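Shown below: entry-v7.txt, with compact mmCIF, C-alpha atoms.
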# COMPACT_ATOMS: atom_id res chain seq x y z
CA MET M 1 9.36 0.80 3.15
CA GLN M 2 10.37 -1.41 6.07
CA SER M 3 9.16 -0.50 9.58
CA CYS M 4 12.71 0.06 10.91
CA GLU M 5 13.57 2.43 8.06
CA TYR M 6 10.25 4.20 8.60
CA GLN M 7 11.10 4.83 12.26
CA GLN M 8 14.67 5.93 11.46
CA LEU M 9 13.30 8.55 9.08
CA LEU M 10 10.73 9.84 11.55
CA ALA M 11 12.86 9.94 14.71
CA PRO M 12 14.85 13.11 13.89
CA ILE M 13 11.73 14.80 12.52
CA GLN M 14 9.81 14.12 15.71
CA GLN M 15 12.69 15.62 17.70
CA PHE M 16 12.85 18.64 15.40
CA LEU M 17 9.15 19.52 15.56
CA GLY M 18 7.81 21.24 18.65
CA CYS M 19 4.67 19.10 18.84
CA VAL M 20 2.89 16.17 17.24
CA THR M 21 -0.22 16.56 15.11
CA PRO M 22 -3.25 16.73 17.44
CA ASP M 23 -5.62 13.75 17.40
CA ALA M 24 -8.54 16.11 16.68
CA TRP M 25 -6.96 17.07 13.35
CA LEU M 26 -6.42 13.40 12.46
CA VAL M 27 -10.06 12.60 13.27
CA GLN M 28 -11.20 15.37 10.93
CA ALA M 29 -8.74 14.33 8.21
CA ALA M 30 -9.89 10.69 8.33
CA ARG M 31 -13.52 11.55 7.61
CA PRO M 32 -14.53 10.63 4.02
CA GLU M 33 -16.00 14.10 3.48
CA SER M 34 -12.60 15.64 4.21
CA LEU M 35 -10.81 13.75 1.43
CA PRO M 36 -11.49 16.26 -1.41
CA VAL M 37 -10.07 19.18 0.62
CA LEU M 38 -7.18 17.08 1.93
CA LEU M 39 -6.06 15.97 -1.54
CA THR M 40 -6.70 19.35 -3.17
CA ASP M 41 -4.74 21.22 -0.53
CA HIS M 42 -1.97 18.61 -0.68
CA LEU M 43 -1.80 19.23 -4.43
CA ILE M 44 -1.45 22.98 -3.93
CA CYS M 45 1.14 22.46 -1.20
CA GLU M 46 3.31 20.48 -3.63
CA LEU M 47 3.22 23.35 -6.11
CA LYS M 48 3.90 25.95 -3.41
CA ALA M 49 6.90 23.92 -2.22
CA ALA M 50 8.26 23.95 -5.77
CA GLN M 51 7.56 27.68 -6.10
CA SER M 52 9.31 28.45 -2.81
CA ALA M 53 12.40 26.54 -3.90
CA MET M 54 12.30 28.30 -7.27
CA PHE M 55 12.11 31.68 -5.55
CA LEU M 56 15.18 30.91 -3.48
CA ILE M 57 17.19 29.90 -6.55
CA ARG M 58 16.06 32.93 -8.57
CA ARG M 59 16.57 35.39 -5.71
CA TYR M 60 19.90 34.14 -4.42
CA ALA M 61 21.70 31.84 -6.82
CA VAL M 62 21.28 32.09 -10.61
CA ASP M 63 21.80 34.38 -13.56
CA GLU M 64 18.91 36.06 -15.40
CA GLN M 65 18.58 33.43 -18.16
CA SER M 66 18.46 30.60 -15.64
CA ALA M 67 15.85 32.50 -13.64
CA GLU M 68 13.65 32.80 -16.73
CA ALA M 69 14.04 29.07 -17.46
CA LEU M 70 12.78 28.31 -13.95
CA LEU M 71 9.68 30.44 -14.53
CA GLN M 72 8.92 28.60 -17.76
CA TRP M 73 9.41 25.24 -16.04
CA LEU M 74 6.69 25.93 -13.49
CA LYS M 75 4.31 27.89 -15.73
CA PRO M 76 2.16 24.92 -16.96
CA TYR M 77 1.68 23.75 -13.35
CA GLU M 78 0.69 27.28 -12.28
CA ASP M 79 -1.62 27.65 -15.29
CA PHE M 80 -3.43 24.45 -14.33
CA THR M 81 -3.63 25.26 -10.60
CA TYR M 82 -4.47 28.96 -10.63
CA ARG M 83 -6.12 29.45 -14.02
CA GLN M 84 -7.39 25.90 -14.66
CA LEU M 85 -5.76 25.85 -18.09
CA GLY M 86 -4.20 22.88 -19.87
CA ASP M 87 -4.35 19.10 -19.63
CA TRP M 88 -2.85 17.84 -16.36
CA GLN M 89 -1.84 14.54 -17.98
CA GLN M 90 0.63 16.42 -20.20
CA LEU M 91 2.48 17.78 -17.17
CA ALA M 92 4.42 14.54 -16.81
CA GLU M 93 6.30 15.39 -20.03
CA HIS M 94 7.27 18.91 -18.98
CA LYS M 95 10.92 19.17 -17.91
CA LEU M 96 13.50 21.82 -17.09
CA LYS M 97 15.20 22.60 -20.40
CA LYS M 98 18.28 24.49 -19.22
CA SER M 99 21.17 23.92 -16.84
CA MET M 100 21.21 26.33 -13.93
CA LEU M 101 24.26 28.60 -13.79
CA PRO M 102 25.17 30.15 -10.42
CA LYS M 103 25.90 33.83 -10.04
CA ALA M 104 29.64 34.43 -9.85
CA SER M 105 29.09 36.44 -6.67
CA SER M 106 27.29 33.66 -4.79
CA ALA M 107 29.48 31.64 -2.43
CA TYR M 108 26.76 29.05 -1.88
CA GLY M 109 24.97 29.27 -5.25
CA GLN M 110 25.86 25.83 -6.64
CA GLU M 111 24.82 23.98 -3.47
CA LEU M 112 21.56 25.91 -3.28
CA ILE M 113 20.88 25.14 -6.95
CA ASP M 114 21.69 21.44 -6.63
CA LYS M 115 19.45 20.86 -3.61
CA MET M 116 16.57 23.08 -4.70
CA VAL M 117 16.40 21.86 -8.33
CA LEU M 118 16.16 18.27 -7.07
CA LEU M 119 13.47 19.35 -4.61
CA ILE M 120 11.48 21.07 -7.37
CA LYS M 121 11.67 17.99 -9.59
CA GLU M 122 10.39 15.79 -6.77
CA GLU M 123 7.63 18.17 -5.70
CA LEU M 124 6.34 18.49 -9.28
CA HIS M 125 6.37 14.70 -9.62
CA HIS M 126 4.39 14.47 -6.37
CA PHE M 127 1.99 17.11 -7.76
CA TYR M 128 1.29 14.83 -10.71
CA GLN M 129 0.90 11.80 -8.43
CA VAL M 130 -1.66 13.64 -6.29
CA LEU M 131 -3.63 14.44 -9.45
CA GLU M 132 -3.61 10.74 -10.28
CA MET M 133 -4.96 9.99 -6.79
CA MET M 134 -7.65 12.62 -7.21
CA GLN M 135 -8.74 11.03 -10.48
CA GLN M 136 -8.73 7.55 -8.91
CA PHE M 137 -10.98 8.71 -6.06
CA GLY M 138 -13.25 10.91 -8.18
CA VAL M 139 -12.07 14.21 -6.69
CA HIS M 140 -12.53 17.05 -9.18
CA TYR M 141 -9.98 19.84 -8.90
CA ASP M 142 -11.37 23.21 -7.82
CA LYS M 143 -9.38 26.16 -6.54
CA ILE M 144 -9.36 26.65 -2.78
CA THR M 145 -7.85 29.30 -0.53
CA SER M 146 -4.48 28.82 1.14
CA SER M 147 -4.23 27.99 4.82
CA ARG M 148 -2.68 30.32 7.39
CA TYR M 149 0.28 27.99 7.99
CA ALA M 150 3.09 29.10 5.66
CA LYS M 151 2.24 32.79 6.01
CA GLY M 152 2.18 32.34 9.77
CA LEU M 153 5.76 31.10 9.66
CA LEU M 154 7.13 33.51 7.05
CA ARG M 155 5.78 36.64 8.77
CA HIS M 156 8.57 36.17 11.33
CA VAL M 157 11.40 36.08 8.77
CA SER M 158 14.16 38.63 9.32
CA THR M 159 14.20 41.67 7.05
CA PHE M 160 17.95 41.78 6.41
CA GLU M 161 20.41 39.40 4.74
CA PRO M 162 21.80 36.83 5.16
CA ASN M 163 19.48 36.33 8.15
CA ALA M 164 16.41 36.53 5.89
CA LEU M 165 17.65 33.66 3.71
CA VAL M 166 18.59 31.59 6.75
CA ASP M 167 15.11 32.12 8.25
CA LYS M 168 13.42 31.18 4.96
CA LEU M 169 15.42 27.97 4.85
CA ILE M 170 14.51 27.16 8.47
CA CYS M 171 10.84 27.75 7.64
CA GLY M 172 11.22 25.41 4.66
CA ALA M 173 12.65 22.76 6.97
CA PHE M 174 9.64 23.01 9.30
CA ILE M 175 7.14 22.83 6.43
CA GLU M 176 8.79 19.72 5.01
CA ALA M 177 9.16 18.10 8.44
CA ARG M 178 5.49 18.71 9.30
CA SER M 179 4.43 17.31 5.93
CA CYS M 180 6.48 14.18 6.59
CA GLU M 181 5.02 13.77 10.08
CA ARG M 182 1.45 14.17 8.80
CA PHE M 183 1.94 11.75 5.91
CA ALA M 184 3.08 9.13 8.42
CA ARG M 185 0.21 9.81 10.85
CA LEU M 186 -2.39 9.89 8.07
CA ALA M 187 -1.30 6.81 6.15
CA PRO M 188 -3.09 4.19 8.29
CA LEU M 189 -6.29 6.30 8.47
CA LEU M 190 -6.94 6.77 4.74
CA PRO M 191 -7.83 4.37 1.90
CA SER M 192 -4.90 1.99 1.35
CA ALA M 193 -3.93 3.44 -2.05
CA ILE M 194 -3.53 6.91 -0.54
CA GLY M 195 -1.87 5.53 2.60
CA ASP M 196 0.70 3.64 0.52
CA PHE M 197 1.31 6.76 -1.55
CA TYR M 198 1.89 8.85 1.57
CA ILE M 199 4.36 6.31 2.96
CA SER M 200 6.22 6.43 -0.37
CA LEU M 201 6.71 10.20 0.11
CA LEU M 202 8.42 9.96 3.49
CA ARG M 203 11.97 9.45 2.23
CA SER M 204 11.99 12.50 -0.06
CA GLU M 205 10.17 14.73 2.45
CA ALA M 206 12.66 13.78 5.17
CA ARG M 207 15.57 14.60 2.86
CA HIS M 208 14.00 17.96 1.93
CA TYR M 209 13.81 18.92 5.60
CA GLN M 210 17.47 17.95 6.07
CA ASP M 211 18.56 19.83 2.94
CA TYR M 212 16.85 23.03 4.06
CA LEU M 213 18.36 22.78 7.52
CA SER M 214 21.90 22.01 6.31
CA LEU M 215 21.76 24.93 3.85
CA ALA M 216 20.59 27.25 6.63
CA GLN M 217 23.50 26.16 8.83
CA GLN M 218 26.02 26.48 5.99
CA ILE M 219 24.89 29.94 4.92
CA ALA M 220 24.61 31.27 8.47
CA GLY M 221 28.14 30.18 9.28
CA SER M 222 27.25 30.19 12.96
CA ASP M 223 24.95 28.42 15.41
CA ILE M 224 21.30 28.62 14.28
CA SER M 225 19.80 26.68 17.18
CA ALA M 226 18.15 29.81 18.67
CA ARG M 227 16.32 30.58 15.41
CA VAL M 228 15.33 26.94 15.00
CA ALA M 229 13.92 26.95 18.54
CA PHE M 230 12.05 30.21 17.85
CA PHE M 231 10.42 28.86 14.69
CA ALA M 232 9.63 25.57 16.46
CA GLU M 233 7.50 27.56 18.90
CA VAL M 234 5.81 29.52 16.11
CA GLU M 235 5.09 26.35 14.14
CA ALA M 236 3.75 24.48 17.17
CA GLU M 237 1.40 27.37 17.96
CA LEU M 238 -0.01 27.21 14.42
CA ILE M 239 -0.52 23.45 14.73
CA LEU M 240 -1.99 23.42 18.26
CA SER M 241 -4.25 26.49 18.15
CA PRO M 242 -7.90 26.44 16.98
CA ASP M 243 -8.35 26.79 13.23
CA ALA M 244 -11.65 27.26 11.41
CA ASP M 245 -10.14 26.39 8.03
CA PHE M 246 -9.37 22.66 7.66
CA LYS M 247 -6.38 22.12 5.38
CA PHE M 248 -3.34 19.84 5.17
CA HIS M 249 -1.30 22.06 7.53
CA SER M 250 -4.14 23.52 9.59
CA GLY M 251 -4.45 23.64 13.36
CA VAL M 252 -7.02 22.06 15.67
CA PRO M 253 -10.44 22.06 13.97
CA VAL M 254 -12.71 24.63 15.59
CA ALA M 255 -15.58 22.13 15.71
CA SER M 256 -13.44 19.93 17.95
CA GLU M 257 -12.71 22.85 20.27
CA GLN M 258 -16.41 23.68 20.50
CA ALA M 259 -17.26 20.05 21.24
CA ILE M 260 -14.75 20.00 24.12
CA ALA M 261 -16.12 23.29 25.51

Could I get this structure in the form of structure tokens?
Amino acid sequence: MQSCEYQQLLAPIQQFLGCVTPDAWLVQAARPESLPVLLTDHLICELKAAQSAMFLIRRYAVDEQSAEALLQWLKPYEDFTYRQLGDWQQLAEHKLKKSMLPKASSAYGQELIDKMVLLIKEELHHFYQVLEMMQQFGVHYDKITSSRYAKGLLRHVSTFEPNALVDKLICGAFIEARSCERFARLAPLLPSAIGDFYISLLRSEARHYQDYLSLAQQIAGSDISARVAFFAEVEAELILSPDADFKFHSGVPVASEQAIA
């Protein structure tokens, strides 16, 4: 990716996010001993991104048969990640075997399906690519706990529709935007093979953020800037506050805070 294209992708994301990744997090992430957790959590984040998109399609857009096909599509990835079953190298051959049909009652179903199915395909491909990186760098997959990040955003989602869906889409936009920003900041700090891989992800991550945001605006049918600003503050607080659990989306490492004190 050329430097000018790189900057064009990042400029709107930097404006969208309420803060940049703290240097203390980057220092921790660049340490060789952090690489296993960084890659493992990145792997799980790719699956969770696919699962979140699947949930939105199943909950809001498709008929029952299509919903079941989505579950079967993700099952081998979930079996490997949560139950450590199956051969990860076979995942590359696993595809969605059914066209998604929108509910007749959904005014935005087809657009939600089109954007989210593409997102799932790309996230699952990235999942496989992270596994390849883990094998290349001798990182054995072991289950780890989730970070506070996504839950910290989603706990503020509205409880009634369509506001709940709009909020979930805004949260998705922030998660994708933060991932994109961190890939770009991390790339020069990690081994070149991983850095090049992270740069290769920027284009799709930037589009995912834009897709989530445009869907939120379309479904809301009114100005969403106040909700975007609210979630920007929530997200920035999660990124800038002390965090004892180092993960891909974690906050300032507690060790760094203690060192400053």

Closest pair table for region 8-100 of chain M residues within 9 Å of region 134-152 of chain M, only C-alpha atoms, as a Markdown table:
| residue | atom | partner | partner_atom | distance |
| --- | --- | --- | --- | --- |
| M:Leu35 | CA | M:Val139 | CA | 8.2 |
| M:Pro36 | CA | M:Val139 | CA | 5.7 |
| M:Val37 | CA | M:Ile144 | CA | 8.2 |
| M:Leu39 | CA | M:Met134 | CA | 6.8 |
| M:Thr40 | CA | M:Tyr141 | CA | 6.6 |
| M:Asp41 | CA | M:Ile144 | CA | 7.5 |
| M:Ile44 | CA | M:Ser146 | CA | 8.3 |
| M:Cys45 | CA | M:Ser146 | CA | 8.8 |
| M:Thr81 | CA | M:Lys143 | CA | 7.1 |
| M:Tyr82 | CA | M:Lys143 | CA | 7.0 |
| M:Arg83 | CA | M:Lys143 | CA | 8.8 |
| M:Gln84 | CA | M:Asp142 | CA | 8.4 |

- Query: Can you tell me, as a ChimeraX atom specification, what residues are no more than 12 Å from Ala232 (chain M) when counting only C-alpha atoms, ignoring any on the same chain fewer than 6 positions away?
  - Reply: /M:13-20,153,156,167,170-175,177-178,225-226,238-240

- Item | Residues within 9 Å of region 58-75 of chain M, only C-alpha atoms, excluding chain neighbours under 6 positions, as number ranges by chain | M: 47, 50-51, 94-110, 112-113, 124, 165

- Query: Using all atoms listed in the file, which of the listed residues (M:Val252, M:Trp88, M:Leu202, M:Ser158) sits closest to Gln8 (chain M)?
  - Reply: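 Nearest to Gln8 (chain M): M:Leu202.
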
- Task: Could you please determine the separation between CA of His42 (chain M) and CA of Ala229 (chain M) in Å, to one decimal place?
- Result: 26.3 Å

- Message: Env of Cys180 (chain M): 9 Å cut, atoms = all atoms listed in the file, seq-sep filter 5 positions within chain, self excluded. Answer as a PyMOL selection string.
- Response: chain M and resi 10+13+175+185+198-199+201-206+209

- Task: Mind listing whatever residues come within 8 Å of the point (-9.2, 22.6, 13.9)? Use all atoms listed in the file, file coordinates, and give them as a PyMOL selection string.
- Result: chain M and resi 24-25+241-246+250-257

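Using all atoms listed in the file, the shortest contact distance between Phe197 (chain M) and any of M:Val166, M:Ala49, M:Met133, M:Leu56 is found at M:Met133.
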
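The residue that comes closest to Phe248 (chain M), out of M:Thr21, M:Leu118, M:Leu38, M:Ala187 and on the basis of all atoms listed in the file, is M:Leu38.
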
- Distance in Å - CA of Leu119 (chain M) versus CA of Ser222 (chain M):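 According to the coordinates, CA of Leu119 (chain M) and CA of Ser222 (chain M) are separated by 24.8 Å.
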
- Note on the structure: One decimal place gives the CA of Lys247 (chain M)-CA of Glu33 (chain M) separation as 12.7 Å

- Check the smallest atom-to-atom distance from each of M:Leu186, M:Ala164, M:Val228, M:Val117 to His208 (chain M) using only C-alpha atoms, then report the winner.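 With only C-alpha atoms as the atom set, the closest residue is M:Val117.
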
Edge lengths and centre, in Å to one decimal, as lines of an AutoDock Vina configuration file: that's what I need for the box along x, y and z that holds all listed atoms of region 176-192 of chain M plus 4 Å on each side.
center_x = 0.7
center_y = 10.9
center_z = 6.1
size_x = 25.0
size_y = 25.7
size_z = 17.5

- Query: Which residue, M:Ala92, M:Ala236, M:Ile57, M:Ala193, has the smallest gap to Leu169 (chain M) when you use all atoms listed in the file?
  - Reply: M:Ile57

All heavy atoms of region 151-162 of chain M, written as a JSON list (two decimals), in the first residue's frame:
[["chain", "number", "residue", "atom", "x", "y", "z"],
["M", 151, "LYS", "N", -17.44, -5.26, 25.69],
["M", 151, "LYS", "CA", -18.50, -5.21, 26.70],
["M", 151, "LYS", "C", -18.66, -3.79, 27.25],
["M", 151, "LYS", "O", -19.78, -3.34, 27.53],
["M", 151, "LYS", "CB", -18.20, -6.17, 27.84],
["M", 151, "LYS", "CG", -18.35, -7.64, 27.47],
["M", 151, "LYS", "CD", -18.04, -8.54, 28.65],
["M", 151, "LYS", "CE", -18.17, -10.01, 28.27],
["M", 151, "LYS", "NZ", -17.82, -10.91, 29.40],
["M", 152, "GLY", "N", -17.55, -3.09, 27.40],
["M", 152, "GLY", "CA", -17.59, -1.73, 27.90],
["M", 152, "GLY", "C", -18.33, -0.79, 26.97],
["M", 152, "GLY", "O", -18.96, 0.17, 27.43],
["M", 153, "LEU", "N", -18.27, -1.05, 25.67],
["M", 153, "LEU", "CA", -19.04, -0.27, 24.71],
["M", 153, "LEU", "C", -20.51, -0.69, 24.71],
["M", 153, "LEU", "O", -21.42, 0.14, 24.80],
["M", 153, "LEU", "CB", -18.47, -0.45, 23.31],
["M", 153, "LEU", "CG", -17.17, 0.28, 22.96],
["M", 153, "LEU", "CD1", -16.64, -0.21, 21.61],
["M", 153, "LEU", "CD2", -17.38, 1.79, 22.92],
["M", 154, "LEU", "N", -20.75, -1.99, 24.61],
["M", 154, "LEU", "CA", -22.11, -2.51, 24.40],
["M", 154, "LEU", "C", -23.01, -2.34, 25.62],
["M", 154, "LEU", "O", -24.23, -2.35, 25.48],
["M", 154, "LEU", "CB", -22.04, -3.98, 23.99],
["M", 154, "LEU", "CG", -21.40, -4.23, 22.62],
["M", 154, "LEU", "CD1", -21.15, -5.72, 22.40],
["M", 154, "LEU", "CD2", -22.27, -3.67, 21.50],
["M", 155, "ARG", "N", -22.43, -2.13, 26.80],
["M", 155, "ARG", "CA", -23.27, -1.95, 27.99],
["M", 155, "ARG", "C", -24.06, -0.65, 27.93],
["M", 155, "ARG", "O", -25.03, -0.46, 28.67],
["M", 155, "ARG", "CB", -22.43, -1.99, 29.27],
["M", 155, "ARG", "CG", -21.46, -0.86, 29.41],
["M", 155, "ARG", "CD", -20.52, -1.10, 30.60],
["M", 155, "ARG", "NE", -21.24, -1.02, 31.85],
["M", 155, "ARG", "CZ", -21.34, 0.08, 32.60],
["M", 155, "ARG", "NH1", -20.74, 1.20, 32.19],
["M", 155, "ARG", "NH2", -22.01, 0.07, 33.73],
["M", 156, "HIS", "N", -23.69, 0.24, 27.01],
["M", 156, "HIS", "CA", -24.39, 1.52, 26.86],
["M", 156, "HIS", "C", -25.42, 1.51, 25.73],
["M", 156, "HIS", "O", -26.01, 2.56, 25.44],
["M", 156, "HIS", "CB", -23.37, 2.63, 26.61],
["M", 156, "HIS", "CG", -22.43, 2.85, 27.75],
["M", 156, "HIS", "ND1", -22.77, 3.53, 28.90],
["M", 156, "HIS", "CD2", -21.14, 2.44, 27.93],
["M", 156, "HIS", "CE1", -21.74, 3.54, 29.73],
["M", 156, "HIS", "NE2", -20.74, 2.90, 29.17],
["M", 157, "VAL", "N", -25.61, 0.36, 25.09],
["M", 157, "VAL", "CA", -26.56, 0.28, 23.98],
["M", 157, "VAL", "C", -27.99, 0.46, 24.49],
["M", 157, "VAL", "O", -28.36, -0.05, 25.54],
["M", 157, "VAL", "CB", -26.41, -1.08, 23.26],
["M", 157, "VAL", "CG1", -27.59, -1.37, 22.34],
["M", 157, "VAL", "CG2", -25.10, -1.11, 22.47],
["M", 158, "SER", "N", -28.78, 1.19, 23.72],
["M", 158, "SER", "CA", -30.18, 1.43, 24.07],
["M", 158, "SER", "C", -30.94, 0.11, 24.18],
["M", 158, "SER", "O", -30.58, -0.90, 23.56],
["M", 158, "SER", "CB", -30.83, 2.30, 22.99],
["M", 158, "SER", "OG", -32.19, 2.48, 23.23],
["M", 159, "THR", "N", -32.01, 0.12, 24.95],
["M", 159, "THR", "CA", -32.79, -1.11, 25.16],
["M", 159, "THR", "C", -34.02, -1.19, 24.27],
["M", 159, "THR", "O", -34.78, -2.16, 24.38],
["M", 159, "THR", "CB", -33.23, -1.19, 26.64],
["M", 159, "THR", "OG1", -33.96, -0.01, 26.97],
["M", 159, "THR", "CG2", -32.03, -1.32, 27.56],
["M", 160, "PHE", "N", -34.25, -0.19, 23.42],
["M", 160, "PHE", "CA", -35.43, -0.28, 22.55],
["M", 160, "PHE", "C", -35.02, -0.01, 21.11],
["M", 160, "PHE", "O", -34.03, 0.67, 20.83],
["M", 160, "PHE", "CB", -36.53, 0.69, 23.01],
["M", 160, "PHE", "CG", -36.08, 2.13, 23.09],
["M", 160, "PHE", "CD1", -36.24, 2.99, 22.01],
["M", 160, "PHE", "CD2", -35.50, 2.62, 24.25],
["M", 160, "PHE", "CE1", -35.84, 4.31, 22.08],
["M", 160, "PHE", "CE2", -35.09, 3.95, 24.34],
["M", 160, "PHE", "CZ", -35.26, 4.80, 23.24],
["M", 161, "GLU", "N", -35.82, -0.58, 20.18],
["M", 161, "GLU", "CA", -35.53, -0.48, 18.75],
["M", 161, "GLU", "C", -36.25, 0.72, 18.13],
["M", 161, "GLU", "O", -37.30, 1.14, 18.63],
["M", 161, "GLU", "CB", -36.00, -1.77, 18.05],
["M", 161, "GLU", "CG", -35.35, -3.04, 18.54],
["M", 161, "GLU", "CD", -33.87, -3.14, 18.21],
["M", 161, "GLU", "OE1", -33.31, -2.24, 17.55],
["M", 161, "GLU", "OE2", -33.26, -4.13, 18.63],
["M", 162, "PRO", "N", -35.71, 1.28, 17.03],
["M", 162, "PRO", "CA", -34.49, 0.84, 16.33],
["M", 162, "PRO", "C", -33.22, 1.41, 16.92],
["M", 162, "PRO", "O", -32.15, 1.16, 16.41],
["M", 162, "PRO", "CB", -34.72, 1.39, 14.92],
["M", 162, "PRO", "CG", -35.46, 2.67, 15.14],
["M", 162, "PRO", "CD", -36.38, 2.40, 16.31]]
